[in-house]
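Reproduced below: model00.cif, with mmCIF, C-alpha atoms and all ligand atoms.
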data_start
loop_
_atom_site.label_atom_id
_atom_site.label_comp_id
_atom_site.auth_asym_id
_atom_site.auth_seq_id
_atom_site.Cartn_x
_atom_site.Cartn_y
_atom_site.Cartn_z
CA MET A 1 201.78 66.79 212.16
CA ARG A 2 199.06 64.51 210.79
CA ASN A 3 200.08 61.80 208.35
CA LYS A 4 198.44 62.15 204.97
CA LEU A 5 196.99 58.98 203.43
CA LEU A 6 195.87 58.43 199.86
CA LEU A 7 193.03 55.90 199.95
CA VAL A 8 192.38 54.20 196.60
CA GLU A 9 189.16 52.21 196.65
CA ASP A 10 186.36 52.08 194.09
CA GLU A 11 183.69 50.70 196.44
CA ARG A 12 182.13 53.81 197.92
CA ALA A 13 180.71 52.13 201.04
CA ILE A 14 184.09 50.64 201.97
CA ALA A 15 185.95 53.86 201.21
CA GLU A 16 183.60 56.02 203.27
CA GLY A 17 183.74 53.69 206.26
CA LEU A 18 187.53 53.58 206.12
CA ALA A 19 187.89 57.32 205.67
CA ILE A 20 185.74 58.05 208.72
CA THR A 21 187.70 55.66 210.92
CA LEU A 22 191.11 56.74 209.63
CA GLU A 23 190.28 60.39 210.19
CA ALA A 24 189.11 59.55 213.72
CA GLU A 25 192.51 57.86 214.19
CA GLY A 26 194.22 61.15 213.37
CA PHE A 27 195.07 60.69 209.69
CA GLU A 28 194.34 63.13 206.90
CA VAL A 29 192.61 61.13 204.16
CA ALA A 30 192.30 61.80 200.43
CA TRP A 31 190.08 59.37 198.53
CA VAL A 32 190.32 58.34 194.88
CA ALA A 33 188.00 55.77 193.22
CA ASP A 34 189.33 55.66 189.64
CA GLY A 35 192.70 54.10 188.85
CA ARG A 36 193.55 56.82 186.35
CA GLU A 37 193.33 59.51 189.02
CA VAL A 38 195.79 57.89 191.40
CA ILE A 39 199.12 59.03 189.98
CA PRO A 40 198.06 62.65 189.30
CA THR A 41 196.57 62.86 192.81
CA TYR A 42 199.67 61.27 194.32
CA GLN A 43 201.88 63.80 192.56
CA ARG A 44 199.70 66.70 193.67
CA ILE A 45 199.19 65.90 197.35
CA ARG A 46 202.40 63.95 198.16
CA PRO A 47 200.87 61.60 200.75
CA ASP A 48 202.89 59.77 203.42
CA LEU A 49 201.34 56.42 202.53
CA ILE A 50 199.01 54.88 199.92
CA VAL A 51 196.32 52.27 200.64
CA LEU A 52 195.80 50.74 197.22
CA ASP A 53 192.99 48.42 196.15
CA LEU A 54 194.08 45.90 193.54
CA MET A 55 190.90 45.74 191.43
CA LEU A 56 190.06 49.19 190.14
CA PRO A 57 188.38 50.74 187.13
CA GLY A 58 190.66 52.68 184.79
CA MET A 59 194.08 51.34 185.83
CA SER A 60 194.88 48.27 187.92
CA GLY A 61 196.45 48.45 191.36
CA THR A 62 199.40 46.41 190.13
CA ASP A 63 200.15 48.83 187.29
CA ILE A 64 199.79 51.78 189.65
CA CYS A 65 202.10 50.20 192.22
CA ARG A 66 204.71 49.45 189.58
CA ALA A 67 204.52 52.96 188.16
CA ILE A 68 204.92 54.62 191.56
CA ARG A 69 207.72 52.27 192.61
CA ALA A 70 209.71 53.22 189.52
CA SER A 71 210.39 56.58 191.13
CA SER A 72 209.44 56.43 194.80
CA ASP A 73 209.82 54.45 198.04
CA ILE A 74 206.56 55.80 199.45
CA PRO A 75 204.93 53.17 201.70
CA ILE A 76 202.17 51.26 199.87
CA ILE A 77 199.69 48.87 201.48
CA MET A 78 197.85 46.75 198.92
CA VAL A 79 194.27 45.60 199.42
CA THR A 80 193.38 42.33 197.71
CA ALA A 81 190.07 40.52 197.45
CA ARG A 82 191.51 37.00 197.51
CA SER A 83 194.35 35.55 199.57
CA SER A 84 195.49 33.67 196.45
CA GLU A 85 196.52 37.05 195.06
CA VAL A 86 198.89 37.74 197.93
CA ASP A 87 201.93 36.07 196.40
CA ARG A 88 201.28 37.85 193.15
CA VAL A 89 200.93 41.18 194.88
CA VAL A 90 203.85 40.98 197.24
CA GLY A 91 205.96 38.45 195.40
CA LEU A 92 206.10 39.78 191.88
CA GLU A 93 208.56 42.56 192.57
CA LEU A 94 205.77 45.05 192.93
CA GLY A 95 207.37 46.50 196.00
CA ALA A 96 204.28 46.97 198.17
CA ASP A 97 205.24 47.24 201.84
CA ASP A 98 202.37 45.17 203.16
CA TYR A 99 198.91 43.97 202.23
CA VAL A 100 195.52 43.22 203.69
CA THR A 101 193.01 40.72 202.33
CA LYS A 102 189.32 41.60 202.04
CA PRO A 103 187.39 41.36 204.25
CA PHE A 104 189.68 43.02 206.78
CA SER A 105 188.98 44.92 209.97
CA THR A 106 189.71 48.63 210.04
CA ARG A 107 191.65 47.99 213.24
CA GLU A 108 193.97 45.64 211.33
CA LEU A 109 194.49 48.18 208.58
CA VAL A 110 195.26 50.96 211.08
CA ALA A 111 197.82 48.73 212.84
CA ARG A 112 199.52 48.02 209.53
CA ILE A 113 199.51 51.66 208.48
CA ARG A 114 201.16 52.64 211.76
CA ALA A 115 203.74 49.84 211.52
CA VAL A 116 204.63 50.74 207.94
CA LEU A 117 204.92 54.46 208.76
CA ARG A 118 207.16 53.67 211.74
CA ARG A 119 209.50 51.88 209.38
CA ALA A 120 209.52 54.47 206.60
CA PRO A 121 213.01 55.50 205.41
CA SER A 122 213.05 58.83 207.28
CA THR A 123 213.18 56.97 210.59
CA THR A 124 215.54 54.17 209.60
CA ILE A 125 218.14 56.63 208.32
CA LEU A 126 218.64 57.90 211.86
CA GLY A 127 219.60 54.42 213.04
CA GLY A 128 222.28 54.04 210.38
CA GLY A 129 225.93 53.40 211.18
CA ALA A 130 228.85 52.07 209.18
CA PRO A 131 227.95 49.94 206.16
CA ALA A 132 227.81 46.19 206.81
CA GLU A 133 229.14 43.60 204.40
CA ALA A 134 228.90 39.82 204.18
CA SER A 135 229.03 37.23 201.45
CA GLY A 136 229.43 39.84 198.68
CA VAL A 137 226.44 41.90 199.85
CA ARG A 138 227.04 45.41 201.20
CA VAL A 139 224.32 47.38 203.00
CA ASP A 140 224.68 51.10 203.66
CA ARG A 141 221.83 52.41 205.82
CA LEU A 142 222.86 56.07 205.60
CA ARG A 143 222.73 56.04 201.81
CA HIS A 144 219.94 53.44 201.67
CA GLU A 145 222.02 51.45 199.21
CA VAL A 146 222.66 47.77 198.65
CA SER A 147 225.31 46.34 196.38
CA VAL A 148 225.55 42.71 195.37
CA ASP A 149 228.98 41.67 194.08
CA GLY A 150 229.72 45.35 193.53
CA GLU A 151 226.54 46.11 191.58
CA GLU A 152 223.93 48.39 193.11
CA VAL A 153 220.52 46.73 193.54
CA ALA A 154 217.33 48.62 194.53
CA PHE A 155 215.38 47.37 197.56
CA PRO A 156 212.02 48.64 198.85
CA PRO A 157 212.06 49.80 202.51
CA LYS A 158 210.85 46.62 204.25
CA GLU A 159 213.14 44.33 202.31
CA PHE A 160 215.99 46.75 202.88
CA GLU A 161 215.41 46.75 206.64
CA LEU A 162 215.20 42.95 206.78
CA LEU A 163 218.33 42.50 204.68
CA ALA A 164 220.25 45.10 206.71
CA LEU A 165 219.46 43.24 209.95
CA LEU A 166 220.54 39.92 208.50
CA VAL A 167 223.78 41.25 207.01
CA GLU A 168 224.66 43.20 210.17
CA ASN A 169 224.24 39.93 212.09
CA ALA A 170 225.88 37.69 209.47
CA GLY A 171 226.72 34.22 210.76
CA ARG A 172 224.13 34.44 213.54
CA VAL A 173 220.69 32.87 213.42
CA LEU A 174 217.91 35.44 213.84
CA THR A 175 214.60 33.94 214.91
CA ARG A 176 211.37 34.63 213.06
CA GLY A 177 210.07 36.46 216.13
CA GLN A 178 213.14 38.70 216.33
CA LEU A 179 212.91 39.60 212.65
CA ILE A 180 209.18 40.35 212.76
CA ASP A 181 209.59 42.47 215.92
CA GLU A 182 212.46 44.44 214.43
CA VAL A 183 211.06 44.99 210.96
CA TRP A 184 207.30 45.19 211.52
CA GLY A 185 207.26 46.35 215.13
CA HIS A 186 206.26 44.69 218.39
CA GLY A 187 202.61 45.47 217.79
CA TYR A 188 202.54 43.57 214.49
CA VAL A 189 199.22 41.76 214.18
CA GLY A 190 199.43 40.28 210.70
CA ASP A 191 200.25 36.72 209.75
CA THR A 192 203.87 35.59 209.71
CA LYS A 193 203.69 34.62 206.04
CA THR A 194 204.67 38.22 205.31
CA LEU A 195 208.19 37.43 206.54
CA ASP A 196 208.56 34.47 204.17
CA VAL A 197 207.28 36.51 201.25
CA HIS A 198 209.85 39.23 201.93
CA VAL A 199 212.64 36.66 202.28
CA ARG A 200 211.64 35.20 198.92
CA ARG A 201 211.76 38.63 197.32
CA ILE A 202 215.18 39.40 198.81
CA ARG A 203 216.49 36.08 197.52
CA SER A 204 215.21 36.81 194.03
CA ARG A 205 217.39 39.94 194.06
CA LEU A 206 220.62 38.53 195.42
CA GLU A 207 220.78 34.77 195.00
CA PRO A 208 222.11 33.36 191.70
CA ASP A 209 219.67 30.46 192.23
CA PRO A 210 216.84 31.60 194.56
CA GLN A 211 215.55 28.02 194.88
CA HIS A 212 218.89 26.98 196.42
CA PRO A 213 219.95 30.03 198.43
CA THR A 214 223.53 30.22 199.67
CA ARG A 215 223.50 33.74 201.12
CA LEU A 216 220.17 34.10 202.91
CA GLN A 217 219.82 30.69 204.53
CA THR A 218 216.78 29.12 206.18
CA VAL A 219 217.41 27.56 209.58
CA ARG A 220 214.47 25.20 209.70
CA GLY A 221 212.07 25.71 212.57
CA VAL A 222 214.06 28.67 213.92
CA GLY A 223 214.57 31.51 211.48
CA TYR A 224 217.15 32.81 209.04
CA ARG A 225 220.89 33.38 208.85
CA PHE A 226 222.98 35.40 206.43
CA ALA A 227 226.17 33.60 205.37
CA ASP A 228 229.24 35.40 206.72
CA ARG A 229 231.51 34.50 203.81
CA CA B 1 187.90 47.24 194.00
#

Is it possible to express this structure as structure tokens?
Ligand code: CA
Amino acid sequence: MRNKLLLVEDERAIAEGLAITLEAEGFEVAWVADGREVIPTYQRIRPDLIVLDLMLPGMSGTDICRAIRASSDIPIIMVTARSSEVDRVVGLELGADDYVTKPFSTRELVARIRAVLRRAPSTTILGGGAPAEASGVRVDRLRHEVSVDGEEVAFPPKEFELLALLVENAGRVLTRGQLIDEVWGHGYVGDTKTLDVHVRRIRSRLEPDPQHPTRLQTVRGVGYRFADR
């Protein structure tokens, strides 16, 4: 079955070029140029993934992302015009799964779409076993639930996957390479800053003081470790 993509881009030339390539890559593509049409179209066609430009007429990409995230874990890849927007996009709890910065190559976008789809919840559920718990954080893959000190906390798919790996391996150092391979796939071609951004977002959800993390610890020059008590 072909994966259905919702492409949100107000620049016609960019959208047409992308749509042609994505269709040649085997995706079914629906294109929307106006921000106000995104949510109604999303609700009507139920895509497998959304490629969402940040700057749009009608309704901004950030508002759209926030609105969709309030009710859905659908994979979202944000498209930003400036790299200075990346922290804002990925960091501010928007819950996008990944991002590309304009100008980007279609090849890069296709690689990211495939990686994000590989990691969508329907596939991770199959890998689930018994819930793991460490340092007051409990991760249940089968239910896709995280609790922190007994309180349930919502995590988007990528952060969930990263946290699950760390908690399941609590006390052990996982290298940056291991984490990127496991969460984004061996074919991941993006920059490794994505990992740090996701770690920062996880910390903001489960550390009392995210600037001085005690649970999700940095092992300088190597990777990360989740505290086992
Ligand atoms: Ca735009």

(message) Show me which residues are within 12 Å of ligand CA 1 (chain B) counting all atoms listed in the file, and format the list as JSON, numbers by chain.
(response) {"A": [7, 8, 9, 10, 11, 12, 13, 14, 15, 32, 33, 34, 35, 51, 52, 53, 54, 55, 56, 57, 58, 59, 60, 61, 78, 79, 80, 81, 82, 101, 102, 103]}

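Residues lying within 8 Å of (227.5, 41.0, 204.8). Counted over only C-alpha atoms, they are Ala132, Glu133, Ala134, Ser135, Gly136, Val137, Arg138, Val139, Leu166, Val167, Glu168, Ala170, Phe226, Ala227, Asp228 and Arg229 of chain A.
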
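Of the listed residues A:Glu16, A:Phe160, A:Phe104, A:Ile202, the one whose atoms come nearest to Val146 in chain A is A:Phe160, with distances taken using only C-alpha atoms.
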
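Take CA of Arg225 in chain A and CA of Glu145 in chain A: the distance between them is 20.5 Å.
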
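The space separating CA of Pro156 in chain A from CA of Leu18 in chain A comes to 26.0 Å.
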
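Separating CA of Val199 in chain A from CA of Tyr224 in chain A is a distance of 9.0 Å.
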
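Omitting range 204-214 of chain A and its sequence neighbours fewer than 4 positions away, and counting all atoms listed in the file, the residues within 8 Å are Val148, Val153, Arg200 and Ala227 of chain A.
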
Would you list the residues near (200.7, 45.7, 192.2), meaning any protein, DNA or RNA residue with an atom at most 7 Å from that point in file coordinates, counting all atoms listed in the file, as a compact mmCIF listing (two decimals) with C-alpha atoms, in the frame of the given file?
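The result, written out as result03.txt:
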# COMPACT_ATOMS: atom_id res chain seq x y z
CA LEU A 54 194.08 45.90 193.54
CA GLY A 61 196.45 48.45 191.36
CA THR A 62 199.40 46.41 190.13
CA ASP A 63 200.15 48.83 187.29
CA ILE A 64 199.79 51.78 189.65
CA CYS A 65 202.10 50.20 192.22
CA ARG A 66 204.71 49.45 189.58
CA VAL A 89 200.93 41.18 194.88
CA LEU A 94 205.77 45.05 192.93

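Nearest to Val116 in chain A of all the residues A:Phe27, A:Trp184, A:Tyr42, A:Phe155 is A:Trp184, based on only C-alpha atoms.
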
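Ranking A:Ala130, A:Val183, A:Ala96, A:Leu195 by their shortest atom-to-atom distance to Ile77 in chain A, with all atoms listed in the file included, puts A:Ala96 first.
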
(request) Counting all atoms listed in the file, figure out which residue out of A:Ile76, A:Leu49, A:Ala164, A:Leu6 gets nearest to Ala30 in chain A. (result) A:Leu6

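For Gly26 in chain A, the residues within 10 Å (counting all atoms listed in the file, excluding itself and residues fewer than 3 positions away along the chain) are Met1, Arg2, Asn3, Lys4, Thr21, Leu22, Glu23 and Val29 of chain A.
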